[in-house]
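K.L.:
For reference, the file work.txt (compact mmCIF, C-alpha atoms) is included below:
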# COMPACT_ATOMS: atom_id res chain seq x y z
CA MET A 1 25.95 -0.22 12.51
CA SER A 2 23.13 -0.08 9.97
CA CYS A 3 19.76 1.49 10.72
CA ALA A 4 18.30 -2.03 10.55
CA ASP A 5 20.00 -2.77 13.87
CA SER A 6 18.04 -0.10 15.73
CA TRP A 7 14.39 -0.93 15.01
CA SER A 8 11.99 -3.74 14.30
CA CYS A 9 8.92 -3.05 12.21
CA PRO A 10 5.57 -3.73 13.90
CA THR A 11 3.00 -5.72 11.95
CA VAL A 12 -0.73 -5.68 11.32
CA LYS A 13 -2.62 -8.95 11.67
CA LEU A 14 -4.84 -9.55 8.64
CA SER A 15 -8.21 -11.29 8.91
CA ASN A 16 -6.63 -14.59 7.84
CA GLY A 17 -4.02 -14.39 10.60
CA VAL A 18 -1.10 -13.37 8.35
CA GLN A 19 1.13 -10.62 9.77
CA MET A 20 1.84 -7.72 7.39
CA PRO A 21 4.50 -5.05 8.13
CA ILE A 22 2.93 -1.69 8.95
CA LEU A 23 5.69 0.21 7.12
CA GLY A 24 7.22 -0.45 3.72
CA ILE A 25 8.53 1.23 0.60
CA GLY A 26 6.48 2.16 -2.43
CA THR A 27 7.93 1.91 -5.92
CA ASN A 28 6.92 3.61 -9.15
CA HIS A 29 8.71 4.81 -12.27
CA VAL A 30 6.67 8.05 -12.06
CA GLY A 31 8.77 10.54 -10.14
CA GLY A 32 11.82 8.34 -10.39
CA PHE A 33 12.93 4.90 -9.28
CA SER A 34 16.23 3.88 -7.71
CA GLN A 35 17.08 0.21 -7.58
CA ASP A 36 20.04 1.07 -5.38
CA THR A 37 17.77 2.79 -2.85
CA VAL A 38 15.45 -0.23 -2.67
CA LEU A 39 18.46 -2.48 -2.15
CA TYR A 40 19.68 -0.15 0.60
CA ALA A 41 16.23 -0.17 2.24
CA LEU A 42 16.24 -3.97 2.34
CA ARG A 43 19.85 -4.56 3.26
CA GLU A 44 20.61 -1.65 5.60
CA CYS A 45 17.29 -0.31 6.88
CA GLY A 46 15.36 -3.46 7.69
CA ILE A 47 12.49 -2.65 5.31
CA ARG A 48 10.67 -5.85 4.43
CA LEU A 49 7.51 -4.66 2.64
CA ILE A 50 7.96 -3.83 -1.05
CA ASP A 51 4.92 -2.46 -2.86
CA THR A 52 4.73 -2.39 -6.63
CA SER A 53 2.48 -3.20 -9.58
CA LYS A 54 2.69 -4.29 -13.18
CA CYS A 55 1.96 -0.77 -14.39
CA ASN A 56 4.79 0.66 -12.29
CA GLY A 57 7.19 -1.00 -14.68
CA VAL A 58 9.94 -1.91 -12.22
CA GLU A 59 9.33 -5.61 -11.56
CA VAL A 60 12.61 -6.80 -13.08
CA GLN A 61 14.65 -4.18 -11.22
CA LEU A 62 12.96 -5.19 -7.97
CA SER A 63 13.80 -8.85 -8.61
CA GLU A 64 17.46 -7.86 -8.82
CA ALA A 65 17.25 -5.81 -5.61
CA ILE A 66 15.58 -8.71 -3.80
CA ARG A 67 18.23 -11.12 -5.06
CA ASP A 68 21.15 -8.85 -4.21
CA SER A 69 19.82 -7.98 -0.75
CA GLY A 70 20.42 -11.47 0.56
CA VAL A 71 17.21 -11.22 2.60
CA PRO A 72 15.43 -14.62 2.72
CA ARG A 73 12.23 -14.62 0.66
CA SER A 74 10.27 -15.78 3.71
CA ASP A 75 11.27 -12.58 5.53
CA LEU A 76 9.95 -10.32 2.78
CA TRP A 77 6.47 -9.02 2.06
CA VAL A 78 5.99 -8.56 -1.68
CA THR A 79 2.89 -6.72 -2.90
CA ASN A 80 1.89 -6.64 -6.55
CA LYS A 81 -1.27 -5.61 -8.37
CA LEU A 82 -3.38 -6.71 -11.31
CA TRP A 83 -3.87 -3.96 -13.91
CA PRO A 84 -7.47 -3.51 -15.20
CA GLU A 85 -6.59 -4.50 -18.77
CA ASP A 86 -6.07 -8.00 -17.33
CA TYR A 87 -9.44 -8.17 -15.55
CA GLY A 88 -10.52 -11.56 -16.83
CA TYR A 89 -10.30 -15.06 -15.40
CA GLU A 90 -7.54 -16.44 -17.62
CA SER A 91 -5.86 -13.10 -18.22
CA ALA A 92 -5.63 -12.43 -14.48
CA LYS A 93 -3.89 -15.75 -13.87
CA LYS A 94 -1.50 -15.18 -16.77
CA ALA A 95 -0.69 -11.68 -15.49
CA PHE A 96 0.00 -13.11 -12.04
CA GLU A 97 2.36 -15.73 -13.44
CA LYS A 98 4.19 -13.11 -15.51
CA SER A 99 4.58 -10.75 -12.55
CA CYS A 100 5.96 -13.55 -10.38
CA SER A 101 8.38 -14.50 -13.15
CA GLN A 102 9.47 -10.89 -13.65
CA MET A 103 10.06 -10.49 -9.91
CA GLY A 104 11.79 -13.84 -9.51
CA VAL A 105 9.38 -15.11 -6.86
CA GLU A 106 7.21 -18.21 -6.63
CA TYR A 107 4.43 -16.55 -4.66
CA LEU A 108 3.19 -13.10 -3.61
CA ASP A 109 2.37 -12.07 -0.09
CA ILE A 110 -0.56 -10.11 -1.43
CA TYR A 111 -2.01 -9.64 -4.91
CA MET A 112 -4.46 -6.79 -5.43
CA LEU A 113 -6.98 -5.51 -7.93
CA HIS A 114 -5.35 -2.19 -8.78
CA TRP A 115 -8.39 -0.09 -9.71
CA PRO A 116 -12.19 -0.50 -9.50
CA GLY A 117 -12.71 0.32 -13.17
CA GLY A 118 -12.23 -2.13 -16.02
CA MET A 119 -10.88 -1.63 -19.52
CA GLN A 120 -12.97 -4.08 -21.55
CA PRO A 121 -15.76 -2.50 -23.61
CA GLY A 122 -19.14 -4.15 -23.30
CA HIS A 123 -18.61 -5.33 -19.72
CA SER A 124 -19.65 -3.57 -16.54
CA ASN A 125 -16.99 -2.64 -14.02
CA ARG A 126 -18.76 -4.76 -11.44
CA SER A 127 -18.72 -7.89 -13.58
CA LEU A 128 -15.05 -7.39 -14.47
CA ARG A 129 -14.13 -6.92 -10.80
CA ALA A 130 -16.03 -10.08 -9.88
CA ILE A 131 -14.37 -12.20 -12.60
CA ALA A 132 -10.89 -10.94 -11.76
CA TRP A 133 -11.52 -11.41 -8.05
CA HIS A 134 -12.61 -14.99 -8.60
CA ALA A 135 -9.23 -15.64 -10.22
CA LEU A 136 -7.48 -14.06 -7.23
CA GLU A 137 -9.53 -16.19 -4.85
CA GLU A 138 -8.30 -19.31 -6.63
CA LEU A 139 -4.69 -18.11 -6.51
CA TYR A 140 -5.16 -17.57 -2.80
CA GLU A 141 -6.75 -20.99 -2.27
CA GLU A 142 -3.87 -22.59 -4.17
CA GLY A 143 -1.34 -20.94 -1.87
CA LEU A 144 0.18 -18.77 -4.59
CA CYS A 145 -0.84 -15.63 -2.65
CA ARG A 146 -0.70 -15.43 1.11
CA SER A 147 -3.48 -12.84 0.96
CA ILE A 148 -5.50 -10.89 -1.61
CA GLY A 149 -6.69 -7.33 -1.62
CA VAL A 150 -7.87 -4.31 -3.55
CA SER A 151 -6.57 -0.83 -4.24
CA ASN A 152 -8.50 2.41 -4.71
CA PHE A 153 -11.82 0.79 -3.77
CA MET A 154 -14.53 2.90 -2.19
CA ILE A 155 -17.33 1.60 0.03
CA HIS A 156 -19.73 0.92 -2.85
CA HIS A 157 -17.07 -1.11 -4.67
CA LEU A 158 -16.37 -3.15 -1.54
CA GLU A 159 -20.07 -3.72 -0.90
CA GLU A 160 -20.61 -5.08 -4.41
CA LEU A 161 -17.52 -7.27 -4.21
CA LYS A 162 -18.71 -8.67 -0.89
CA GLN A 163 -21.95 -9.73 -2.59
CA ASP A 164 -20.11 -11.25 -5.54
CA CYS A 165 -17.24 -13.02 -3.82
CA THR A 166 -16.35 -15.67 -1.28
CA VAL A 167 -13.19 -14.17 0.24
CA VAL A 168 -13.50 -10.63 1.60
CA PRO A 169 -10.41 -8.57 0.69
CA HIS A 170 -7.72 -8.73 3.33
CA VAL A 171 -6.43 -5.21 2.55
CA ASN A 172 -7.70 -2.06 0.84
CA GLN A 173 -4.97 0.32 -0.30
CA VAL A 174 -5.97 3.91 -1.04
CA GLU A 175 -4.53 7.41 -1.08
CA TYR A 176 -4.08 8.55 2.52
CA HIS A 177 -2.40 11.65 3.91
CA PRO A 178 -3.35 14.62 6.13
CA PHE A 179 -5.28 16.28 3.29
CA GLN A 180 -7.10 13.11 2.19
CA GLN A 181 -8.61 11.28 5.17
CA PRO A 182 -11.43 8.95 4.05
CA ARG A 183 -12.72 8.34 7.56
CA GLU A 184 -15.99 6.64 6.55
CA LEU A 185 -14.04 4.23 4.36
CA MET A 186 -11.58 3.53 7.17
CA GLU A 187 -14.42 2.78 9.57
CA TYR A 188 -16.12 0.53 7.01
CA CYS A 189 -12.90 -1.42 6.51
CA ARG A 190 -12.48 -1.75 10.27
CA GLN A 191 -16.00 -3.13 10.66
CA GLU A 192 -15.51 -5.58 7.78
CA GLY A 193 -12.12 -6.80 8.97
CA ILE A 194 -10.28 -5.27 6.01
CA ALA A 195 -6.86 -3.84 6.85
CA PHE A 196 -6.43 -0.24 5.69
CA GLN A 197 -3.32 0.71 3.75
CA GLY A 198 -2.34 4.20 2.64
CA TYR A 199 -0.16 5.39 -0.22
CA CYS A 200 1.18 8.91 -0.85
CA PRO A 201 1.53 9.58 2.92
CA LEU A 202 3.39 12.83 2.20
CA ALA A 203 0.84 13.97 -0.40
CA LYS A 204 3.63 13.90 -3.02
CA GLY A 205 5.56 16.41 -0.94
CA GLN A 206 2.72 18.88 -0.42
CA ALA A 207 2.47 18.01 3.28
CA LEU A 208 6.12 18.85 3.91
CA SER A 209 5.53 22.59 3.53
CA ASP A 210 2.29 22.79 5.52
CA PRO A 211 2.76 25.26 8.40
CA ALA A 212 0.86 23.13 10.94
CA ILE A 213 2.92 20.03 10.12
CA ILE A 214 6.16 22.03 10.23
CA GLN A 215 5.17 23.35 13.66
CA LEU A 216 4.55 19.82 14.95
CA ALA A 217 7.87 18.66 13.50
CA GLN A 218 9.63 21.41 15.44
CA LYS A 219 7.76 20.45 18.62
CA TYR A 220 8.86 16.81 18.42
CA GLY A 221 12.31 17.47 17.01
CA ARG A 222 11.40 15.49 13.89
CA THR A 223 10.98 16.16 10.19
CA PRO A 224 7.61 16.91 8.58
CA ALA A 225 7.86 13.57 6.74
CA GLN A 226 8.32 11.70 10.02
CA VAL A 227 5.31 13.46 11.53
CA CYS A 228 3.13 12.48 8.56
CA ILE A 229 4.28 8.86 8.56
CA ARG A 230 3.93 8.60 12.34
CA TRP A 231 0.41 10.07 12.12
CA SER A 232 -0.56 7.53 9.45
CA ILE A 233 0.84 4.58 11.41
CA GLN A 234 -0.66 5.83 14.65
CA ASN A 235 -4.04 5.78 12.91
CA GLY A 236 -3.48 2.10 12.16
CA ALA A 237 -2.75 2.51 8.45
CA ILE A 238 -0.17 0.32 6.75
CA THR A 239 2.04 2.99 5.23
CA ILE A 240 4.28 2.90 2.13
CA PRO A 241 6.24 6.11 1.56
CA LYS A 242 8.16 6.23 -1.72
CA SER A 243 11.68 7.59 -1.98
CA THR A 244 14.62 7.41 -4.36
CA LYS A 245 17.12 8.74 -1.79
CA ARG A 246 18.89 6.65 0.84
CA GLU A 247 18.78 9.36 3.50
CA ARG A 248 15.02 9.71 3.09
CA VAL A 249 14.49 5.96 3.55
CA VAL A 250 16.46 6.12 6.81
CA GLU A 251 14.40 9.12 7.89
CA ASN A 252 11.13 7.38 7.02
CA CYS A 253 12.04 4.38 9.18
CA GLN A 254 12.72 6.43 12.29
CA VAL A 255 9.10 6.80 13.38
CA PHE A 256 8.72 4.13 16.05
CA ASP A 257 10.51 5.86 18.92
CA PHE A 258 8.02 8.70 19.43
CA GLN A 259 4.27 9.18 19.58
CA LEU A 260 2.05 12.11 18.69
CA GLU A 261 -0.09 13.42 21.54
CA ASP A 262 -3.87 13.15 21.21
CA LYS A 263 -4.26 16.91 20.71
CA ASP A 264 -1.72 16.80 17.88
CA MET A 265 -3.50 13.86 16.26
CA GLU A 266 -6.65 15.99 16.38
CA ALA A 267 -4.79 18.94 14.86
CA MET A 268 -3.67 16.69 11.99
CA LYS A 269 -7.24 15.49 11.58
CA MET A 270 -8.32 19.07 10.93
CA LEU A 271 -6.00 19.34 7.91
CA HIS A 272 -8.33 17.21 5.77
CA ASP A 273 -9.56 19.21 2.78
CA GLY A 274 -10.43 16.36 0.43
CA ARG A 275 -7.70 16.98 -2.12
CA HIS A 276 -6.30 14.11 -4.16
CA VAL A 277 -2.71 14.00 -5.36
CA ALA A 278 -3.25 10.69 -7.15
CA TRP A 279 -6.25 8.97 -8.73
CA ASP A 280 -9.78 9.70 -7.48
CA PRO A 281 -11.96 6.57 -7.72
CA THR A 282 -15.04 8.17 -6.14
CA ASN A 283 -17.13 8.29 -9.32
CA VAL A 284 -16.06 4.94 -10.77
CA GLU A 285 -19.19 2.77 -11.02
Would you encode the structure as structure tokens?
P.N.:
Amino acid sequence: MSCADSWSCPTVKLSNGVQMPILGIGTNHVGGFSQDTVLYALRECGIRLIDTSKCNGVEVQLSEAIRDSGVPRSDLWVTNKLWPEDYGYESAKKAFEKSCSQMGVEYLDIYMLHWPGGMQPGHSNRSLRAIAWHALEELYEEGLCRSIGVSNFMIHHLEELKQDCTVVPHVNQVEYHPFQQPRELMEYCRQEGIAFQGYCPLAKGQALSDPAIIQLAQKYGRTPAQVCIRWSIQNGAITIPKSTKRERVVENCQVFDFQLEDKDMEAMKMLHDGRHVAWDPTNVE
């Protein structure tokens, strides 16, 4: 029996009514990528959310994993992102078409602006975000994306985009783990109807050696990784741990048959120290 037989992934309802899996797998060439592990996650573990981006450089390999998995496209959730060098109206649409072609899909479940900063001299970040977002809105209206979102956006970026756009982002994906808990941003997203998604839930491994997390893992008879992922999901965050090892993917999926007590959720809350293990967009205008 595969691990896919023993669980069914809950979903988060986006503001447009689309249901997005609350747990998926992140992919990136940095730190390693295993096409075989992604295939295993899809075929044997019931993972349906695949998160990637153009800059991650693994679109073609993911297309092969999707094809070889035998999972119907309609059962998958494919996330991709627009890199800032393509923040323009025509360039955004061309980048979207190329990413779809590379991944062997006709549509994306969500397409995101990857970063709040632009890469075109002579243009403000705000104007570049607005132009690129307008292209994404049209892709969404044409049915080529089931939803559209942003990544690494802070409150001031979201506020400006809200003033400049028609469609409010359906999802905001940012770094989220016990040491980086942007609670004001989470509350803002909740008030605005923007689903909150977190990457680096294990803080690139730093959380696995934290004494408080190890103690909780021992209490629940779980691993530190499972405690971190469960904590993230229990806080309502769509969570995308990355792994290149089959056994870790299995471990990461086994987080729906236990719940952290309120006092332990509070203990995890106290671990926030503001550290980033990825990009920090705070000072991006």
K.L.:
Restricting the calculation to only C-alpha atoms, which member of A:Gly31, A:Asp75, A:Glu285, A:Tyr176 is positioned closest to Gly118 (chain A)?
P.N.:
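Counting only C-alpha atoms, the residue closest to Gly118 (chain A) is A:Glu285.
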K.L.:
If you count all atoms listed in the file, which residues fall within 12 Å of Thr239 (chain A), apart from same-chain ones fewer than 4 positions away, as a PyMOL selection string?
P.N.:
chain A and resi 9-12+20-26+47+49-51+172-177+195-202+226+228-235+252-253+255
K.L.:
Starting from the point (-9.8, -19.1, -4.8), work out which residues of protein, DNA or RNA have an atom no more than 12 Å away when counting all atoms listed in the file; state them as a PyMOL selection string.
P.N.:
chain A and resi 89+93+131-148+165-169
K.L.:
CA of Gln254 (chain A) to CA of Ala225 (chain A): how many Å, to one decimal?
P.N.:
10.3 Å
K.L.:
As an exercise, work out the distance from CA of Gln120 (chain A) to CA of Thr52 (chain A) in Å and give it to one decimal place.
P.N.:
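Here the two named atoms are 23.2 Å from each other.
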K.L.:
What separation in Å, quoted to one decimal, exists between CA of Ile213 (chain A) and CA of Leu42 (chain A)?
P.N.:
28.5 Å
K.L.:
With all atoms listed in the file as the basis for distance, which of A:Leu113, A:Cys55, A:Leu39, A:Ile238 is at the shortest distance from Gly70 (chain A)?
P.N.:
A:Leu39
K.L.:
Using all atoms listed in the file, find all polymer residues with an atom at most 10 Å away from the point (-17.3, -2.7, 0.2); report them as a PyMOL selection string.
P.N.:
chain A and resi 153-163+168-169+172+185+188-189+192+194
K.L.:
Restricting the calculation to all atoms listed in the file: of A:Val30, A:Ala92, A:Val78, A:Ala41, which residue gets closest to Asn56 (chain A)?
P.N.:
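For Asn56 (chain A), the nearest of the given residues is A:Val30.
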K.L.:
From the options A:Arg248, A:His114, A:Arg43, A:Lys81, which residue's atoms come nearest to Lys98 (chain A), counting all atoms listed in the file?
P.N.:
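Ranked by minimum distance to Lys98 (chain A), first place goes to A:Lys81.
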K.L.:
May I have the residues within 8 Å of Ser99 (chain A) as a JSON list (two decimals) with C-alpha atoms, in the coordinates of the input, using all atoms listed in the file and disregarding those fewer than 2 positions away in the same chain?
P.N.:
[["chain", "number", "residue", "atom", "x", "y", "z"],
["A", 54, "LYS", "CA", 2.69, -4.29, -13.18],
["A", 59, "GLU", "CA", 9.33, -5.61, -11.56],
["A", 80, "ASN", "CA", 1.89, -6.64, -6.55],
["A", 95, "ALA", "CA", -0.69, -11.68, -15.49],
["A", 96, "PHE", "CA", 0.00, -13.11, -12.04],
["A", 97, "GLU", "CA", 2.36, -15.73, -13.44],
["A", 101, "SER", "CA", 8.38, -14.50, -13.15],
["A", 102, "GLN", "CA", 9.47, -10.89, -13.65],
["A", 103, "MET", "CA", 10.06, -10.49, -9.91]]
K.L.:
Using all atoms listed in the file, which residue out of A:Ala130, A:Ala217, A:Met112, A:Val284 lies closest to Phe258 (chain A)?
P.N.:
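Between A:Ala130, A:Ala217, A:Met112, A:Val284, the residue approaching Phe258 (chain A) most closely is A:Ala217.
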K.L.:
Rank A:Ile240, A:Met119, A:Val250, A:Leu108 by their smallest atom-to-atom distance to Arg73 (chain A), using only C-alpha atoms, and report the top residue only.
P.N.:
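Nearest candidate to Arg73 (chain A) out of A:Ile240, A:Met119, A:Val250, A:Leu108: A:Leu108.
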